[in-house]
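Have a look at target_3.cif below; it lists mmCIF, C-alpha atoms.
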data_run
#
loop_
_atom_site.label_atom_id
_atom_site.label_comp_id
_atom_site.auth_asym_id
_atom_site.auth_seq_id
_atom_site.Cartn_x
_atom_site.Cartn_y
_atom_site.Cartn_z
CA MET A 1 5.92 0.61 -29.10
CA THR A 2 2.46 -0.35 -30.37
CA THR A 3 0.45 2.42 -32.05
CA ILE A 4 -3.28 2.00 -32.66
CA ARG A 5 -5.21 4.61 -34.65
CA ILE A 6 -8.80 5.43 -33.67
CA ARG A 7 -11.06 7.36 -36.03
CA SER A 8 -13.37 10.02 -34.61
CA SER A 9 -15.62 12.77 -35.92
CA ARG A 10 -13.59 15.24 -33.85
CA GLY A 11 -10.34 14.03 -35.40
CA ASN A 12 -8.33 10.83 -35.33
CA TYR A 13 -6.13 10.01 -32.36
CA ASP A 14 -3.57 7.38 -31.40
CA ALA A 15 -3.29 4.96 -28.53
CA LEU A 16 0.36 4.29 -27.71
CA LEU A 17 1.24 1.18 -25.72
CA ALA A 18 4.67 0.29 -24.35
CA PRO A 19 6.38 -0.68 -21.10
CA ARG A 20 7.90 2.30 -19.24
CA LEU A 21 5.91 4.69 -21.44
CA LEU A 22 4.75 6.67 -18.42
CA ALA A 23 8.24 8.06 -17.85
CA HIS A 24 8.06 9.66 -21.31
CA ALA A 25 4.44 10.80 -21.08
CA GLY A 26 5.31 14.42 -20.36
CA ALA A 27 7.35 14.68 -23.56
CA LEU A 28 4.64 12.92 -25.58
CA VAL A 29 1.97 15.30 -24.29
CA ARG A 30 4.15 18.28 -25.26
CA ARG A 31 4.49 16.98 -28.82
CA ALA A 32 0.72 16.80 -29.28
CA GLY A 33 0.34 20.55 -29.82
CA GLU A 34 0.48 23.94 -28.16
CA PHE A 35 -1.13 24.40 -24.77
CA SER A 36 -0.97 26.71 -21.77
CA ASP A 37 -0.57 24.23 -18.90
CA VAL A 38 -1.07 20.56 -18.08
CA TYR A 39 -3.54 19.64 -15.32
CA VAL A 40 -3.63 16.08 -14.00
CA ILE A 41 -6.81 14.53 -12.61
CA SER A 42 -6.16 11.38 -10.63
CA SER A 43 -6.86 9.59 -7.35
CA PRO A 44 -4.67 9.74 -4.22
CA ARG A 45 -3.69 6.09 -4.54
CA VAL A 46 -2.73 6.26 -8.22
CA TRP A 47 -0.90 9.53 -7.66
CA ARG A 48 1.13 8.00 -4.85
CA TYR A 49 2.42 5.30 -7.19
CA TRP A 50 2.76 7.15 -10.50
CA GLY A 51 2.45 10.91 -10.02
CA SER A 52 6.16 11.67 -9.80
CA THR A 53 6.97 9.44 -12.79
CA LEU A 54 4.48 11.35 -14.92
CA THR A 55 5.29 14.89 -13.82
CA GLN A 56 9.06 14.60 -14.08
CA GLY A 57 8.63 15.08 -17.83
CA ILE A 58 6.35 18.11 -17.58
CA PRO A 59 8.39 21.33 -17.52
CA GLY A 60 7.56 23.81 -14.80
CA TRP A 61 5.27 21.37 -13.05
CA SER A 62 3.49 22.65 -9.96
CA ASP A 63 1.41 20.56 -7.58
CA LYS A 64 -1.32 23.18 -7.73
CA ARG A 65 -2.15 21.70 -11.15
CA LYS A 66 -3.04 18.27 -9.76
CA VAL A 67 -6.63 17.44 -8.81
CA LEU A 68 -7.16 14.28 -6.79
CA PHE A 69 -10.48 12.65 -5.91
CA ASP A 70 -11.79 9.38 -4.52
CA ASP A 71 -12.11 7.11 -7.58
CA SER A 72 -14.70 4.73 -6.14
CA GLU A 73 -17.78 4.26 -8.32
CA SER A 74 -19.97 5.88 -5.66
CA LYS A 75 -18.08 9.18 -6.20
CA LYS A 76 -18.67 9.17 -9.96
CA SER A 77 -21.21 11.97 -9.73
CA LEU A 78 -22.07 15.49 -10.83
CA ALA A 79 -21.06 16.70 -7.38
CA THR A 80 -17.54 15.40 -8.00
CA VAL A 81 -17.46 17.07 -11.41
CA GLU A 82 -18.35 20.41 -9.82
CA VAL A 83 -15.63 20.08 -7.18
CA ILE A 84 -13.01 19.28 -9.82
CA ALA A 85 -14.12 22.10 -12.13
CA ARG A 86 -13.91 24.63 -9.32
CA GLN A 87 -10.41 23.44 -8.45
CA LEU A 88 -9.40 23.93 -12.08
CA VAL A 89 -10.77 27.48 -12.00
CA ARG A 90 -8.78 28.26 -8.85
CA ALA A 91 -5.65 26.75 -10.41
CA GLY A 92 -5.99 29.03 -13.45
CA ALA A 93 -6.95 26.50 -16.14
CA ASP A 94 -8.01 28.20 -19.38
CA ARG A 95 -9.28 27.08 -22.79
CA ARG A 96 -5.79 26.10 -23.93
CA ALA A 97 -5.23 23.77 -20.99
CA VAL A 98 -4.65 20.03 -21.32
CA ILE A 99 -6.32 17.67 -18.87
CA VAL A 100 -4.51 14.39 -18.27
CA ALA A 101 -6.61 11.58 -16.80
CA LEU A 102 -4.23 9.40 -14.81
CA GLY A 103 -6.03 6.38 -13.41
CA GLY A 104 -8.67 3.75 -14.04
CA GLY A 105 -12.11 3.80 -15.58
CA VAL A 106 -13.73 6.09 -13.02
CA VAL A 107 -10.94 8.66 -13.35
CA GLY A 108 -11.17 8.46 -17.13
CA ASP A 109 -14.95 8.86 -17.18
CA VAL A 110 -15.00 11.76 -14.73
CA ALA A 111 -11.95 13.58 -16.12
CA GLY A 112 -13.25 13.07 -19.64
CA PHE A 113 -16.60 14.62 -18.76
CA VAL A 114 -14.83 17.51 -17.04
CA ALA A 115 -12.67 18.04 -20.16
CA ALA A 116 -15.76 17.94 -22.39
CA THR A 117 -17.61 20.59 -20.37
CA TYR A 118 -14.99 22.81 -18.72
CA VAL A 119 -15.02 26.15 -20.61
CA ARG A 120 -16.94 24.17 -23.29
CA GLY A 121 -14.12 21.75 -23.93
CA VAL A 122 -10.37 21.45 -23.41
CA ARG A 123 -7.85 18.93 -24.70
CA LEU A 124 -7.80 15.51 -23.03
CA VAL A 125 -5.10 12.85 -22.69
CA HIS A 126 -5.85 9.45 -21.18
CA ILE A 127 -3.17 7.59 -19.22
CA PRO A 128 -5.00 4.43 -18.11
CA THR A 129 -3.45 2.60 -15.16
CA THR A 130 -5.89 -0.30 -14.69
CA PHE A 131 -6.62 -3.38 -16.76
CA VAL A 132 -10.21 -2.32 -17.49
CA ALA A 133 -9.11 1.15 -18.57
CA GLN A 134 -6.30 -0.05 -20.82
CA VAL A 135 -8.25 -2.69 -22.72
CA ASP A 136 -11.59 -0.93 -22.79
CA SER A 137 -12.72 2.35 -21.25
CA CYS A 138 -9.93 4.68 -22.42
CA ILE A 139 -10.82 4.07 -26.09
CA GLY A 140 -13.89 5.43 -27.80
CA GLY A 141 -14.63 8.81 -26.25
CA LYS A 142 -17.37 7.85 -23.80
CA THR A 143 -17.35 10.02 -20.70
CA GLY A 144 -19.92 10.30 -17.96
CA VAL A 145 -21.12 10.07 -14.39
CA ASP A 146 -23.81 8.10 -12.60
CA LEU A 147 -27.20 9.02 -11.19
CA PRO A 148 -29.00 7.13 -8.40
CA GLU A 149 -31.33 5.86 -11.14
CA GLY A 150 -28.56 4.32 -13.23
CA LYS A 151 -24.99 4.21 -14.44
CA ASN A 152 -23.46 6.72 -16.90
CA LEU A 153 -26.76 8.52 -17.49
CA ILE A 154 -25.05 11.94 -17.69
CA GLY A 155 -22.17 12.21 -20.13
CA ALA A 156 -20.80 13.09 -23.53
CA PHE A 157 -18.91 11.57 -26.42
CA TYR A 158 -15.58 13.36 -26.15
CA PRO A 159 -12.54 11.60 -27.63
CA PRO A 160 -9.07 12.29 -26.25
CA SER A 161 -6.24 13.68 -28.31
CA GLN A 162 -3.96 10.88 -27.09
CA ILE A 163 -3.92 7.65 -25.12
CA LEU A 164 -0.68 6.63 -23.41
CA ALA A 165 -0.84 3.12 -21.92
CA ASP A 166 1.96 1.54 -19.89
CA PRO A 167 1.32 -2.11 -18.91
CA GLU A 168 3.81 -1.81 -16.06
CA THR A 169 1.26 0.27 -14.13
CA LEU A 170 -0.78 -2.91 -13.70
CA ALA A 171 1.83 -4.21 -11.27
CA THR A 172 0.50 -2.01 -8.46
CA LEU A 173 -3.16 -3.06 -8.82
CA PRO A 174 -4.69 -5.02 -5.95
CA GLN A 175 -5.44 -8.56 -7.16
CA ARG A 176 -9.19 -8.07 -6.99
CA GLU A 177 -9.03 -5.00 -9.23
CA TYR A 178 -6.69 -6.75 -11.62
CA ARG A 179 -9.02 -9.75 -11.88
CA SER A 180 -11.92 -7.39 -12.49
CA GLY A 181 -10.27 -6.29 -15.72
CA LEU A 182 -10.05 -9.86 -16.98
CA TYR A 183 -13.81 -10.01 -17.40
CA GLU A 184 -13.63 -7.26 -20.02
CA VAL A 185 -10.88 -9.20 -21.79
CA ILE A 186 -13.15 -12.26 -21.92
CA LYS A 187 -15.87 -10.04 -23.35
CA TYR A 188 -13.70 -9.29 -26.38
CA GLY A 189 -13.09 -12.97 -27.02
CA VAL A 190 -16.82 -13.70 -26.95
CA ILE A 191 -17.96 -10.78 -29.08
CA ALA A 192 -15.28 -10.59 -31.75
CA ASP A 193 -12.26 -12.89 -31.49
CA ALA A 194 -12.56 -16.67 -31.15
CA ALA A 195 -8.76 -17.02 -31.28
CA LEU A 196 -8.45 -14.69 -28.29
CA PHE A 197 -11.06 -16.76 -26.46
CA VAL A 198 -9.07 -19.95 -27.05
CA TYR A 199 -5.89 -18.20 -25.88
CA LEU A 200 -7.63 -17.13 -22.67
CA CYS A 201 -8.85 -20.68 -22.02
CA ARG A 202 -5.28 -21.96 -22.31
CA ASN A 203 -3.48 -19.10 -20.57
CA MET A 204 -5.76 -17.86 -17.79
CA PRO A 205 -3.31 -19.03 -15.06
CA ALA A 206 -0.53 -17.00 -16.69
CA LEU A 207 -2.76 -13.95 -16.92
CA LEU A 208 -3.78 -14.29 -13.29
CA ARG A 209 -0.03 -14.24 -12.47
CA ARG A 210 0.29 -11.05 -14.59
CA ASP A 211 2.76 -12.78 -16.87
CA PRO A 212 4.27 -10.05 -19.12
CA LYS A 213 4.17 -12.20 -22.27
CA ALA A 214 0.50 -13.00 -21.76
CA LEU A 215 -0.32 -9.35 -21.14
CA ALA A 216 1.69 -8.32 -24.22
CA TYR A 217 -0.56 -10.59 -26.28
CA VAL A 218 -3.90 -9.69 -24.70
CA ILE A 219 -3.81 -5.91 -24.18
CA PRO A 220 -3.09 -4.73 -27.76
CA ARG A 221 -5.45 -7.35 -29.17
CA CYS A 222 -8.34 -6.01 -27.08
CA MET A 223 -7.40 -2.41 -27.82
CA ARG A 224 -7.46 -3.10 -31.56
CA ILE A 225 -10.90 -4.69 -31.37
CA LYS A 226 -12.29 -1.73 -29.43
CA ALA A 227 -10.59 0.74 -31.80
CA ASP A 228 -12.07 -0.97 -34.84
CA VAL A 229 -15.58 -1.06 -33.39
CA VAL A 230 -15.71 2.56 -32.21
CA SER A 231 -14.08 3.82 -35.42
CA ARG A 232 -16.92 2.21 -37.37
CA ASP A 233 -19.69 3.27 -34.97
CA GLU A 234 -18.66 6.19 -32.79
CA ARG A 235 -22.10 7.04 -31.37
CA GLU A 236 -23.39 3.54 -30.61
CA SER A 237 -26.04 3.54 -33.33
CA GLY A 238 -25.35 -0.07 -34.33
CA LEU A 239 -22.21 -2.19 -34.16
CA ARG A 240 -20.84 -0.53 -31.02
CA GLN A 241 -23.67 -2.08 -29.07
CA ILE A 242 -21.78 -5.40 -29.10
CA LEU A 243 -19.45 -3.87 -26.49
CA ASN A 244 -22.38 -4.00 -24.06
CA PHE A 245 -22.26 -7.80 -23.79
CA GLY A 246 -22.73 -8.50 -20.08
CA HIS A 247 -23.29 -4.83 -19.30
CA THR A 248 -27.10 -4.76 -19.38
CA LEU A 249 -27.51 -6.80 -16.23
CA GLY A 250 -24.04 -5.84 -14.96
CA HIS A 251 -24.90 -2.15 -14.75
CA ALA A 252 -28.20 -3.00 -13.07
CA LEU A 253 -26.38 -5.03 -10.40
CA GLU A 254 -24.03 -2.11 -9.72
CA SER A 255 -26.97 0.27 -9.39
CA ALA A 256 -29.03 -2.12 -7.25
CA THR A 257 -26.17 -2.37 -4.75
CA TYR A 258 -25.44 1.39 -4.84
CA TYR A 259 -22.03 0.81 -6.50
CA ARG A 260 -20.63 -0.59 -3.26
CA ARG A 261 -20.63 -4.37 -3.63
CA PHE A 262 -19.22 -5.12 -7.07
CA LEU A 263 -16.24 -3.86 -8.96
CA HIS A 264 -17.31 -3.09 -12.51
CA GLY A 265 -15.78 -6.20 -14.05
CA GLU A 266 -17.28 -8.45 -11.39
CA ALA A 267 -20.78 -7.21 -12.22
CA ILE A 268 -20.03 -7.69 -15.92
CA GLY A 269 -18.92 -11.25 -15.18
CA TRP A 270 -22.36 -11.99 -13.72
CA GLY A 271 -23.94 -10.19 -16.66
CA MET A 272 -22.07 -12.30 -19.22
CA ILE A 273 -23.18 -15.51 -17.55
CA ALA A 274 -26.79 -14.28 -17.51
CA ALA A 275 -26.66 -13.27 -21.20
CA THR A 276 -25.21 -16.68 -22.03
CA LEU A 277 -28.04 -18.47 -20.20
CA LEU A 278 -30.57 -16.27 -22.01
CA ALA A 279 -29.01 -17.09 -25.39
CA VAL A 280 -29.31 -20.82 -24.68
CA ALA A 281 -32.91 -20.43 -23.51
CA LYS A 282 -33.74 -18.69 -26.80
CA ASN A 283 -31.93 -21.38 -28.85
CA ARG A 284 -29.48 -18.77 -30.11
CA LEU A 285 -26.34 -20.42 -28.69
CA ALA A 286 -25.11 -24.00 -28.57
CA GLU A 287 -24.83 -25.45 -25.07
CA ARG A 288 -21.20 -26.39 -25.74
CA ASP A 289 -20.27 -22.75 -26.39
CA ALA A 290 -22.32 -21.64 -23.39
CA ALA A 291 -20.46 -24.05 -21.12
CA ALA A 292 -17.12 -22.76 -22.43
CA ILE A 293 -18.09 -19.12 -21.76
CA ILE A 294 -19.32 -19.82 -18.25
CA ARG A 295 -16.24 -21.94 -17.51
CA LEU A 296 -13.89 -19.17 -18.64
CA VAL A 297 -15.73 -16.46 -16.68
CA SER A 298 -15.61 -18.69 -13.60
CA ALA A 299 -11.86 -19.30 -14.07
CA VAL A 300 -11.17 -15.65 -13.20
CA GLY A 301 -12.26 -16.30 -9.62
CA GLN A 302 -15.18 -15.87 -7.28
CA ARG A 303 -17.36 -12.79 -7.62
CA PRO A 304 -19.34 -11.09 -4.81
CA SER A 305 -22.63 -12.88 -4.25
CA LEU A 306 -26.05 -11.83 -5.49
CA SER A 307 -27.62 -12.32 -2.08
CA GLY A 308 -30.20 -9.74 -1.08
CA ILE A 309 -30.72 -8.44 -4.62
CA ARG A 310 -34.42 -8.84 -5.33
CA ALA A 311 -35.34 -9.63 -8.92
CA ALA A 312 -38.40 -7.38 -8.56
CA ARG A 313 -36.11 -4.34 -8.32
CA LEU A 314 -34.36 -5.02 -11.60
CA PRO A 315 -37.02 -4.19 -14.26
CA LYS A 316 -37.16 -0.51 -13.27
CA ILE A 317 -33.36 -0.26 -13.21
CA LEU A 318 -33.01 -2.06 -16.53
CA ALA A 319 -35.66 0.15 -18.16
CA SER A 320 -33.76 3.30 -17.13
CA ASP A 321 -30.55 2.04 -18.73
CA LYS A 322 -29.31 4.41 -21.42
CA LYS A 323 -29.37 1.57 -23.96
CA SER A 324 -33.11 0.89 -23.54
CA ARG A 325 -35.65 2.24 -26.04
CA HIS A 326 -39.05 3.50 -24.78
CA GLY A 327 -38.50 1.45 -21.64
CA SER A 328 -37.77 -1.70 -23.64
CA VAL A 329 -34.49 -3.38 -22.68
CA ARG A 330 -32.19 -4.44 -25.53
CA TRP A 331 -29.84 -7.34 -24.85
CA VAL A 332 -26.58 -8.46 -26.43
CA LEU A 333 -26.55 -12.25 -26.70
CA PRO A 334 -23.78 -14.57 -27.91
CA LYS A 335 -24.50 -16.45 -31.13
CA ARG A 336 -21.27 -18.39 -31.04
CA ILE A 337 -17.86 -17.74 -29.56
CA GLY A 338 -16.52 -14.76 -31.49
CA ARG A 339 -19.89 -13.38 -32.54
CA VAL A 340 -22.88 -11.79 -30.79
CA GLU A 341 -26.25 -10.31 -31.72
CA TRP A 342 -27.55 -7.04 -30.34
CA GLY A 343 -30.87 -5.27 -29.94
CA ILE A 344 -32.61 -8.42 -28.67
CA GLU A 345 -35.83 -7.90 -26.68
CA LEU A 346 -36.68 -10.56 -24.10
CA PRO A 347 -39.70 -11.18 -21.88
CA TRP A 348 -39.15 -10.35 -18.23
CA LYS A 349 -40.18 -13.87 -17.19
CA LEU A 350 -37.21 -15.30 -19.05
CA VAL A 351 -34.82 -12.71 -17.59
CA ALA A 352 -36.07 -13.38 -14.08
CA ALA A 353 -35.63 -17.11 -14.56
CA ALA A 354 -32.04 -16.63 -15.76
CA PHE A 355 -31.30 -14.34 -12.81
CA ALA A 356 -32.64 -16.98 -10.42
CA GLU A 357 -30.31 -19.56 -11.98
CA LEU A 358 -27.14 -17.51 -11.56
CA PRO A 359 -26.23 -18.61 -7.99
CA LYS A 360 -26.73 -22.28 -8.92
CA VAL A 361 -24.57 -21.95 -12.02
CA ALA A 362 -21.82 -20.23 -10.03
CA ALA A 363 -21.95 -22.88 -7.30
CA SER A 364 -21.73 -25.72 -9.81
CA ARG A 365 -18.71 -24.15 -11.51
CA THR A 366 -16.99 -23.60 -8.16
CA GLN A 367 -17.56 -27.25 -7.23
CA ALA A 368 -16.25 -28.40 -10.64
CA THR A 369 -13.10 -26.28 -10.17
CA LYS A 370 -12.45 -27.80 -6.74
CA GLN A 371 -12.85 -31.32 -8.07
CA SER A 372 -10.42 -30.69 -10.94
CA ALA A 373 -7.80 -29.07 -8.67
#

Output the file's structure in the form of structure tokens.
Amino acid sequence: MTTIRIRSSRGNYDALLAPRLLAHAGALVRRAGEFSDVYVISSPRVWRYWGSTLTQGIPGWSDKRKVLFDDSESKKSLATVEVIARQLVRAGADRRAVIVALGGGVVGDVAGFVAATYVRGVRLVHIPTTFVAQVDSCIGGKTGVDLPEGKNLIGAFYPPSQILADPETLATLPQREYRSGLYEVIKYGVIADAALFVYLCRNMPALLRRDPKALAYVIPRCMRIKADVVSRDERESGLRQILNFGHTLGHALESATYYRRFLHGEAIGWGMIAATLLAVAKNRLAERDAAAIIRLVSAVGQRPSLSGIRAARLPKILASDKKSRHGSVRWVLPKRIGRVEWGIELPWKLVAAAFAELPKVAASRTQATKQSA
């Protein structure tokens, strides 16, 4: 079992990672401290696959303590939070309850926000079941929901008391969702780990096959990077901003398409390519490194198109992003593979030009892949 310690102002917590860990999750939750009851927040699909495995270790389990909701991004809203909170009230959840978030990033964000606000805060355990959640969103204490004006604009920093990650849960992911998580893995190679980036370049086919050895290398490596960053900058006042590489434009694309066209990682894939083009345009990144980043992002597979998204809509969305300051957008740009810069302001003309280039860049990479096949 791999144990990764994360430091937090509310107390340190551990992320545990091991195959077949889910079957022991009930016992691990019980060891974390005294509580009244365990309440599981999940989605119908995740529950169908993993609910019984989890609850077999929770003594006295009753289905009245499960709360299921549609985990699509469009349902990540305050209305959903209210529905869940009212179900918890009816089920008898009190201040000594433990909320277990069983699912992907949307479940983790929503359940985390519910845990942070229900009776002013109850204990939270994350059990991430998707690639994105395991390598990224379950660590660091960010919780939140979306508004029509932008992504994650309502939320709280609320770290869990435990993270229990079982890579075997990735086996049930649809291929598109699995591939979506690979974009976040690439992000870690670009922002902090050149050796990971090289590994991804050499082993992307194995990862796309969900090879257990490749996953055993990649998942804990990403988790450790995220743990180190958020332990050093919990509230995103400095270093933690590097985790937003690709997310500035990525979040805007999700919002512009009403969270219906792109999976999160797919939007981030487009965002990483855009940030890479911007870095080259500003002479902050060598063209050789830029080509390597774009090639690796493209190796994950085709993303939904950008057709119909008008560049004129993006400035307002970008300015409302929670990372902007006084309406000024701050970008994270690669300096070289393994290192990025953050807090970069760019003129809109340059951003619009990079956005216009994205379809051409994607088409050229697709053609190059076909020719090399």

- Item | Neighbour list for Val135 (chain A) as a PyMOL selection string, cut-off 7 Å, all atoms listed in the file, skip fewer than 3 positions in-chain | chain A and resi 131-132+219+222-223

- Neighbour list for Arg202 (chain A) as a list in words, cut-off 12 Å, only C-alpha atoms, skip fewer than 4 positions in-chain: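 The filter keeps Ala195, Leu196, Phe197, Val198, Ala206, Leu207, Leu208, Ala214, Ala292, Arg295, Leu296 and Ala299 of chain A.
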
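Distances to Ile186 (chain A) were evaluated for A:Val297, A:Arg232, A:Ala97, A:Glu266 using all atoms listed in the file, and the minimum falls at A:Val297.
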
- Spell out the residues picked by the PyMOL selection byres ((chain A and resi 341) around 9) here, as number ranges by chain. A: 191, 242, 331-335, 339-340, 342-344

- Message: I'd like to know which of A:Tyr39, A:Trp348, A:Tyr199, A:Tyr49 is closest to Ala101 (chain A), using all atoms listed in the file.
- Response: A:Tyr39

- Query: Using the chain letters and numbers from the file, which residues does the PyMOL selection byres ((chain A and resi 27) around 10) grab, as a list in words?
  - Reply: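 So the PyMOL selection byres ((chain A and resi 27) around 10), applied here, picks out Leu22, Ala23, His24, Ala25, Gly26, Leu28, Val29, Arg30, Arg31, Ala32, Leu54, Thr55, Gln56, Gly57, Ile58 and Pro59 of chain A.
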
- Item | the PyMOL selection byres ((chain A and resi 280-285) around 8) applied to the shown file, residues as a VMD selection string | chain A and resid 276 to 279 286 to 287 289 to 290 333 to 336

- Message: From the options A:Met204, A:Ala165, A:Met272, A:Leu350, which residue's atoms come nearest to Leu182 (chain A), counting only C-alpha atoms?
- Response: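 For Leu182 (chain A), the nearest of the candidates is A:Met204.
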
- Message: To one decimal place in Å, what is the distance between CA of Arg179 (chain A) and CA of Pro167 (chain A)?
- Response: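 CA of Pro167 (chain A) lies 14.7 Å from CA of Arg179 (chain A).
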
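Taking CA of Gly51 (chain A) and CA of Leu102 (chain A) as the two end points, the separation is 8.4 Å.
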
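Comparing A:Arg313, A:Arg5, A:Arg303, A:Arg95 by their smallest distance to Glu149 (chain A), the closest is A:Arg313 (using only C-alpha atoms).
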
- Message: Using Å and a single decimal, report how far CA of Val110 (chain A) sits from CA of Arg7 (chain A).
- Response: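 The value is 22.1 Å.
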
- Message: Applying 7 Å and only C-alpha atoms, which residues near Val106 (chain A) remain after dropping the ones on its own chain fewer than 6 positions away? List them as a list in words.
- Response: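 Near neighbours after the sequence-gap exclusion: Asp71, Glu73 and Lys76 of chain A.
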
- Hey, which of A:Leu173, A:Leu78, A:Val114, A:Ala18 ends up closest to Arg45 (chain A)? Count all atoms listed in the file.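 Using all atoms listed in the file, Arg45 (chain A) sits closest to A:Leu173.
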